[in-house]
Structure formats: C-alpha cells, structure tokens
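Text of entry21.txt, listed as compact mmCIF, C-alpha atoms:
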# COMPACT_ATOMS: atom_id res chain seq x y z
CA MET P 1 54.30 12.63 -49.24
CA ILE P 2 55.96 14.79 -51.88
CA TYR P 3 54.07 14.82 -55.20
CA GLY P 4 51.30 12.79 -53.57
CA LYS P 5 48.68 14.91 -55.27
CA LEU P 6 50.00 14.01 -58.74
CA TRP P 7 47.17 11.54 -59.30
CA LEU P 8 44.57 14.27 -58.83
CA VAL P 9 45.53 15.68 -62.22
CA VAL P 10 47.04 12.63 -63.98
CA LYS P 11 44.85 9.58 -64.36
CA PRO P 12 46.59 6.58 -62.76
CA THR P 13 45.40 4.43 -65.67
CA VAL P 14 47.48 6.65 -67.96
CA GLY P 15 50.33 7.79 -65.71
CA ILE P 16 51.35 4.47 -64.20
CA PRO P 17 51.66 2.52 -67.51
CA LEU P 18 53.48 5.54 -68.98
CA PHE P 19 55.94 5.57 -66.06
CA LEU P 20 56.52 1.80 -66.08
CA GLY P 21 56.78 1.78 -69.88
CA GLY P 22 59.35 4.58 -69.76
CA VAL P 23 61.45 2.65 -67.26
CA ALA P 24 61.17 -0.57 -69.30
CA ILE P 25 62.06 1.06 -72.64
CA GLY P 26 64.91 3.08 -71.09
CA SER P 27 66.54 0.12 -69.39
CA PHE P 28 66.06 -2.11 -72.46
CA MET P 29 67.69 0.47 -74.72
CA VAL P 30 70.68 0.93 -72.40
CA HIS P 31 71.33 -2.82 -72.31
CA TYR P 32 70.69 -3.28 -76.04
CA MET P 33 73.18 -0.52 -76.85
CA LEU P 34 75.74 -2.13 -74.54
CA LEU P 35 75.19 -5.46 -76.30
CA THR P 36 75.62 -3.99 -79.79
CA ASN P 37 78.42 -1.50 -79.05
CA THR P 38 80.78 -3.44 -76.80
CA THR P 39 82.76 -6.59 -77.47
CA TRP P 40 82.78 -8.02 -73.98
CA LEU P 41 79.05 -8.22 -73.24
CA LYS P 42 78.35 -10.57 -76.16
CA LYS P 43 81.23 -12.80 -75.12
CA TYR P 44 80.01 -12.74 -71.54
CA TYR P 45 76.47 -13.75 -72.54
CA GLU P 46 77.92 -16.58 -74.66
CA GLY P 47 79.80 -17.86 -71.66
CA LYS P 48 83.32 -17.36 -72.94
CA PRO P 49 86.00 -16.69 -70.37
CA ALA P 50 87.04 -13.08 -69.95
CA VAL P 51 90.72 -13.95 -70.47
CA THR P 52 91.51 -16.41 -73.27
CA ALA P 53 95.31 -16.00 -73.59
CA MET P 54 97.41 -18.46 -71.63
CA VAL P 55 100.66 -17.26 -70.14
CA ASP P 56 103.46 -19.82 -70.49
CA ALA P 57 106.32 -17.54 -69.53
CA PRO P 58 106.83 -18.99 -66.01
CA ALA P 59 107.73 -22.40 -67.47
CA ALA P 60 110.36 -20.88 -69.74
CA THR P 61 111.76 -18.87 -66.85
CA ALA P 62 112.03 -21.96 -64.68
CA ALA P 63 113.83 -23.86 -67.44
CA ALA P 64 116.39 -21.09 -67.98
CA ALA P 65 119.86 -21.57 -66.58
CA PRO P 66 120.66 -19.71 -63.36
CA PRO P 67 123.03 -16.73 -63.66
CA PRO P 68 126.76 -17.49 -63.22
CA ALA P 69 128.05 -17.04 -59.70
CA LYS P 70 130.53 -14.21 -59.17
CA PRO P 71 133.78 -14.82 -57.26
CA MET O 1 28.42 18.11 -48.30
CA ALA O 2 32.08 18.57 -49.22
CA ASP O 3 33.41 22.02 -49.93
CA ALA O 4 35.83 22.92 -52.71
CA THR O 5 38.92 22.77 -50.48
CA GLY O 6 37.99 19.73 -48.40
CA SER O 7 39.60 16.32 -48.72
CA ASP O 8 36.30 14.89 -49.95
CA LYS O 9 36.56 16.83 -53.18
CA VAL O 10 36.64 14.55 -56.21
CA TRP O 11 39.16 15.78 -58.76
CA PRO O 12 38.95 15.38 -62.55
CA THR O 13 40.74 12.02 -62.37
CA GLY O 14 37.96 10.76 -60.13
CA LEU O 15 40.13 10.57 -57.02
CA THR O 16 40.17 12.37 -53.70
CA GLU O 17 43.40 13.68 -52.13
CA GLU O 18 43.46 10.74 -49.74
CA GLN O 19 43.15 8.22 -52.59
CA SER O 20 45.84 10.02 -54.58
CA GLU O 21 48.22 9.93 -51.62
CA GLU O 22 47.54 6.22 -51.15
CA ILE O 23 48.25 5.38 -54.81
CA HIS O 24 51.41 7.47 -54.68
CA LYS O 25 52.62 5.63 -51.58
CA HIS O 26 52.43 2.34 -53.50
CA VAL O 27 54.12 3.83 -56.57
CA ILE O 28 57.01 5.08 -54.42
CA GLN O 29 57.31 1.77 -52.58
CA GLY O 30 57.36 -0.15 -55.87
CA THR O 31 60.02 2.17 -57.23
CA GLN O 32 62.15 1.66 -54.12
CA ILE O 33 61.89 -2.15 -54.33
CA PHE O 34 62.68 -2.07 -58.07
CA GLY O 35 65.64 0.24 -57.42
CA PHE O 36 66.99 -2.00 -54.68
CA ILE O 37 66.80 -5.12 -56.88
CA ALA O 38 68.36 -3.22 -59.81
CA ALA O 39 71.22 -1.98 -57.61
CA LEU O 40 71.83 -5.54 -56.41
CA ALA O 41 71.82 -6.83 -60.01
CA HIS O 42 74.34 -4.17 -61.03
CA LEU O 43 76.56 -5.08 -58.07
CA PHE O 44 76.56 -8.74 -59.17
CA ALA O 45 77.22 -7.68 -62.78
CA TYR O 46 80.17 -5.59 -61.61
CA ILE O 47 81.57 -8.47 -59.59
CA TYR O 48 80.99 -11.36 -62.03
CA SER O 49 81.23 -9.75 -65.49
CA PRO O 50 84.01 -7.85 -67.31
CA TRP O 51 81.97 -4.65 -66.92
CA LEU O 52 84.24 -1.64 -66.13
CA LYS O 53 87.35 -3.83 -66.11

As structure tokens, what does this structure read like?
Amino acid sequence: MIYGKLWLVVKPTVGIPLFLGGVAIGSFMVHYMLLTNTTWLKKYYEGKPAVTAMVDAPAATAAAAPPPAKP
Amino acid sequence: MADATGSDKVWPTGLTEEQSEEIHKHVIQGTQIFGFIAALAHLFAYIYSPWLK
C-alpha cells in the first residue's frame, strides 16, 4: 500500500491524533466561517423557510378584466 | 536473527514494516468511510438547504 511505511518513521501515537485533529479543526473552521459569513446558513439552522415572500400576483391577474374582443 | 533489511527489523517508532502496513490499512479504510459519510452529508445539504442556490 502506498505510504504504508509512514508509521516506521512517524509514531502512530503522534501522527494519528495529529491527522484526525487536522481534519476536525479544518472542517470545523470551514463550517464556522460559513455560519458567520453567510446569511442563509444561520436562517437554515434556525428553521426559517428559504423563501419568505409570498407572491399574490396570480390572484390580481385572475381578477383583471379580459381584453376586449376585436371585430 | 533479523538483518537490517529484513521485515523483522524494528524501526525507531517501535514497529516493523508489517505492523506499519497494517496500521496504514486501517487509517486508509477509516478515511474512506469518513469521506463517504461526508460526501453523503454534503449531498443531503445540497438537496435540502439553500447551499449554492
């Protein structure tokens, strides 16, 4: 296996926690930055709907008078 | 008696080549399982959250 001899020169008791810690810190930082620098992630975590505006145009269109018929 | 190039040689970390390969196999397998679960989580996030929309 490629790099299988890594643990001959790096102690697993040092290398494995370092590797897992790097992954944990990296992924935490990415998600924390998304939470603090975007508007939608906070709303999503709070459970608000993605679209809050209601469209009421179809009702007005239906109520409008039909165009006059041409001879 | 193990020679300097044999697989019985104990390296400074206290492991032989065979033991190192075995540990690495588990590290790789764990990484693959983690990666698969993470990819699945990102797929769900893409589908069910406003991410990238």

* Asked: Would you list which chain P residues are within 10 Å of chain O using all atoms listed in the file, as a ChimeraX atom specification?
  -> /P:1-13,16,19-20,40-41,43-45,49-51

What gap, in Å, lies between CA of Ala45 in chain O and CA of Gly22 in chain P?
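Interatomic distance, CA of Ala45 in chain O to CA of Gly22 in chain P: 22.8 Å.
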
CA of Val23 in chain P to CA of Glu46 in chain P measures 26.4 Å

- request: Between CA of Ala38 in chain O and CA of Val14 in chain P, measure the distance and give it in Å to one decimal.
  value: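 Atom-to-atom, CA of Ala38 in chain O to CA of Val14 in chain P, that is 24.5 Å.
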